[in-house]
Amino acid sequence: MVSEQHMAVLPMSRPIIQVSSIRKTYGSTVAVADVSLEVSEGEIFGLIGPNGAGKTTTMECVEGVRRPDSGNISVLGLDPFRDIYKLQNRIGVQLQQAQLQKRIKVWEAVDLWASLYSHPVDGDQLLEQLGLANKRDAWFMTLSGGQKQRLFIALALINDPEVVFLDELTTGLDPQSRRAIWELVRGIRDRGKTVFMTTHLMEEAERLCDRVAIIEHGKIIDIGSPAELVGRHCPKRTVVLATRDAFAEERLRTIPLAETVTSRDSRFTIQGRGDDFVTEVIQCLSENRIRVTDFRTELPNLEDVFLKLTGHSIRD
Amino acid sequence: MFHGLWKLTWLEIKIFLREPLGAFGSVFFPVLVFVVAGRMLGGRLSPVSGPVAGFVRVGLPVLASILIALSGVLSLVTIISIYREGGILKRLRATPLRPQTILTAHVLVKLTLTVVTMMLMVLAGKRYYPIHVDVPVFGFAMALLISTWSILSIGFLIASIVPTARFAQPIGAAILYPMIALCGLFVPLESLPPTAHVLARLLPLTYAVSLLQGIWKNEAWSAHVGDVLALIVVFAICTALSAKVFRWE
């Protein structure tokens, strides 16, 4: 029993993917300048950054679709270029902007993919899990964007892979389909698989990823869990409240962790840092019996981290 | 090495037949034209003598075969470029499917369709063209297979180079169809001006026509070893070149 528990914890720290100092250029364009990262077993790892930052190129190098100009990559202990056919049996890939034959039927695609691998899972069961059972006989061209992505996830999972690569999985999908896909990805991780994904949606990264690497201009800026990154780069917390108490400003200024207090009409914005800051604000309000009609905390997110690190918003 | 080849080939045939006009345009339409032309001309052909009859007897079937092979090649060029532009090739490449397998599957699809069309043509021909020639059907099928395979490799080379699917068909046609004028079908090679003669000798279609005409006329294969070799050389060169310049996306 003890050793089993031990085993359950240990693999989390074992790197499944190791990338060291890879570089990839197309003519004079540097797609990836210098990227190093490690992905551990059983985690959802996200590569986040704006379009053109080098996310897809990095991922395609790891998948063995592209060969980096320099640097080393190891996936499951294999070299993605030399051992590509051995590796392909153990990884699942969903590519950005990939398509299938317009008139291929859903079951035919799954059947073809299943025939290519040595230990495929049951295709019909997979379609059932991904909510595509009723689309079994539909042509690929008749599927909606969300259904196509779910089919691509099915194809990426058909060989029961140890690592799944998902590139911009939810781009172009409506919020509802997006949420459904997030659930699916969490499900993949919960079955013990490692997920390596890219996204330019900060909300997606924040909700889905255990750890993220921020990439810009082909370089990794920082790596950590979303909470770590926020704590490291944007430790400031903000409380916004509304009160008609005449002494409020004076009292709020006595909060030890508060750095700035600004007011406009009867709304106050208090900024401070540290985990106890919000508690201190609440204590101050209750000790001084300040009546508030509104109270709201603004916590920084990955979007703010990105802005802080790069000086511009990810959408620019 | 060719794991998944049969499944992919069968799948691509099914997908092709689902295209609007897919089966009709490539298989039934040529046969239909053949039959209609046969009905209109059939009764009047036999009395004709001289060069016209010679063309009808040998040139026409060979021309028909070549046209069918070329349309197969053009359709291959188009499909490959659509697959590349749409990211389908890229998606297939990220599976254990070998590149050669994907390309071979498409060649097999086109060969199958060419063979089916030719068989229907021969059946229709027996019925409507009262030309009593003892045609070696099997030998001719073999000759057509070799010719088509070789011309398909030119198609690959074109498919490797054309930038987008929109240009695939016109560029392919512009390269392939002019070859018909010089291939010896309409004008005997010997009566061509010297430069055109040299050019014709460089075109693979010339050898295909020579082989097909010879076999149709019941000549021995030993008389056409040179043609077969030339077609194999074309195949080898084009395959090697396209392997070098082929882009998957």
# chains A, B, ... in the order shown; residues from 1 in each chain; ligands from 1

$ select_by_dssp --residues "region 5-239 of chain B" --states "alpha helix (DSSP H)" --output "number ranges by chain"
B: 5-18, 22-23, 29-45, 51-54, 60-85, 88-93, 99-128, 137-161, 165-176, 178-182, 194-202, 204-216, 225-239

$ residues_around --residues "Gln149 (chain A)" --least-positions-apart "4" --cutoff "10 Å" --atoms "only C-alpha atoms" --output "ChimeraX atom specification"
/A:94-96,98-99,143-145,153-155,169-171,173,177,181

$ interface_residues --of "chain B" --to "chain A" --cutoff "12 Å" --atoms "only C-alpha atoms" --output "MDAnalysis selection string"
chainID B and resid 1:20 22 79:80 82:99 101 248:249

$ residues_around --residues "Arg136 (chain A)" --least-positions-apart "5" --cutoff "8 Å" --atoms "only C-alpha atoms" --output "PDB file with N, CA and C atoms, in the first residue's frame"
ATOM      1  N   LYS A 105     -16.506   9.907 -43.951  1.00  0.00           N
ATOM      2  CA  LYS A 105     -17.475   9.804 -42.862  1.00  0.00           C
ATOM      3  C   LYS A 105     -16.739   9.700 -41.530  1.00  0.00           C
ATOM      4  N   VAL A 106     -17.397  10.143 -40.470  1.00  0.00           N
ATOM      5  CA  VAL A 106     -16.772  10.155 -39.152  1.00  0.00           C
ATOM      6  C   VAL A 106     -16.234   8.766 -38.789  1.00  0.00           C
ATOM      7  N   TRP A 107     -17.061   7.728 -38.973  1.00  0.00           N
ATOM      8  CA  TRP A 107     -16.600   6.394 -38.577  1.00  0.00           C
ATOM      9  C   TRP A 107     -15.457   5.921 -39.447  1.00  0.00           C
ATOM     10  N   LEU A 127     -16.287   7.650 -29.813  1.00  0.00           N
ATOM     11  CA  LEU A 127     -17.245   8.591 -30.394  1.00  0.00           C
ATOM     12  C   LEU A 127     -18.379   8.856 -29.412  1.00  0.00           C
TER      13      LEU A 127
END

$ residues_around --residues "Glu206 (chain A)" --least-positions-apart "6" --cutoff "10 Å" --atoms "only C-alpha atoms" --output "ChimeraX atom specification"
/A:46,212,225-227,301-303

$ write_last_selection --atoms "C-alpha atoms" --output "PDB file, in the first residue's frame"
ATOM      1  CA  GLY A  46       0.041  25.147 -21.713  1.00  0.00           C
ATOM      2  CA  VAL A 212       1.966  27.377 -18.344  1.00  0.00           C
ATOM      3  CA  SER A 225       1.369  27.525 -12.446  1.00  0.00           C
ATOM      4  CA  PRO A 226      -1.072  30.342 -13.246  1.00  0.00           C
ATOM      5  CA  ALA A 227      -1.278  31.216  -9.518  1.00  0.00           C
ATOM      6  CA  ASN A 301      -4.954  37.158 -13.874  1.00  0.00           C
ATOM      7  CA  LEU A 302      -2.668  35.751 -16.545  1.00  0.00           C
ATOM      8  CA  GLU A 303      -3.781  38.525 -18.866  1.00  0.00           C
TER       9      GLU A 303
END
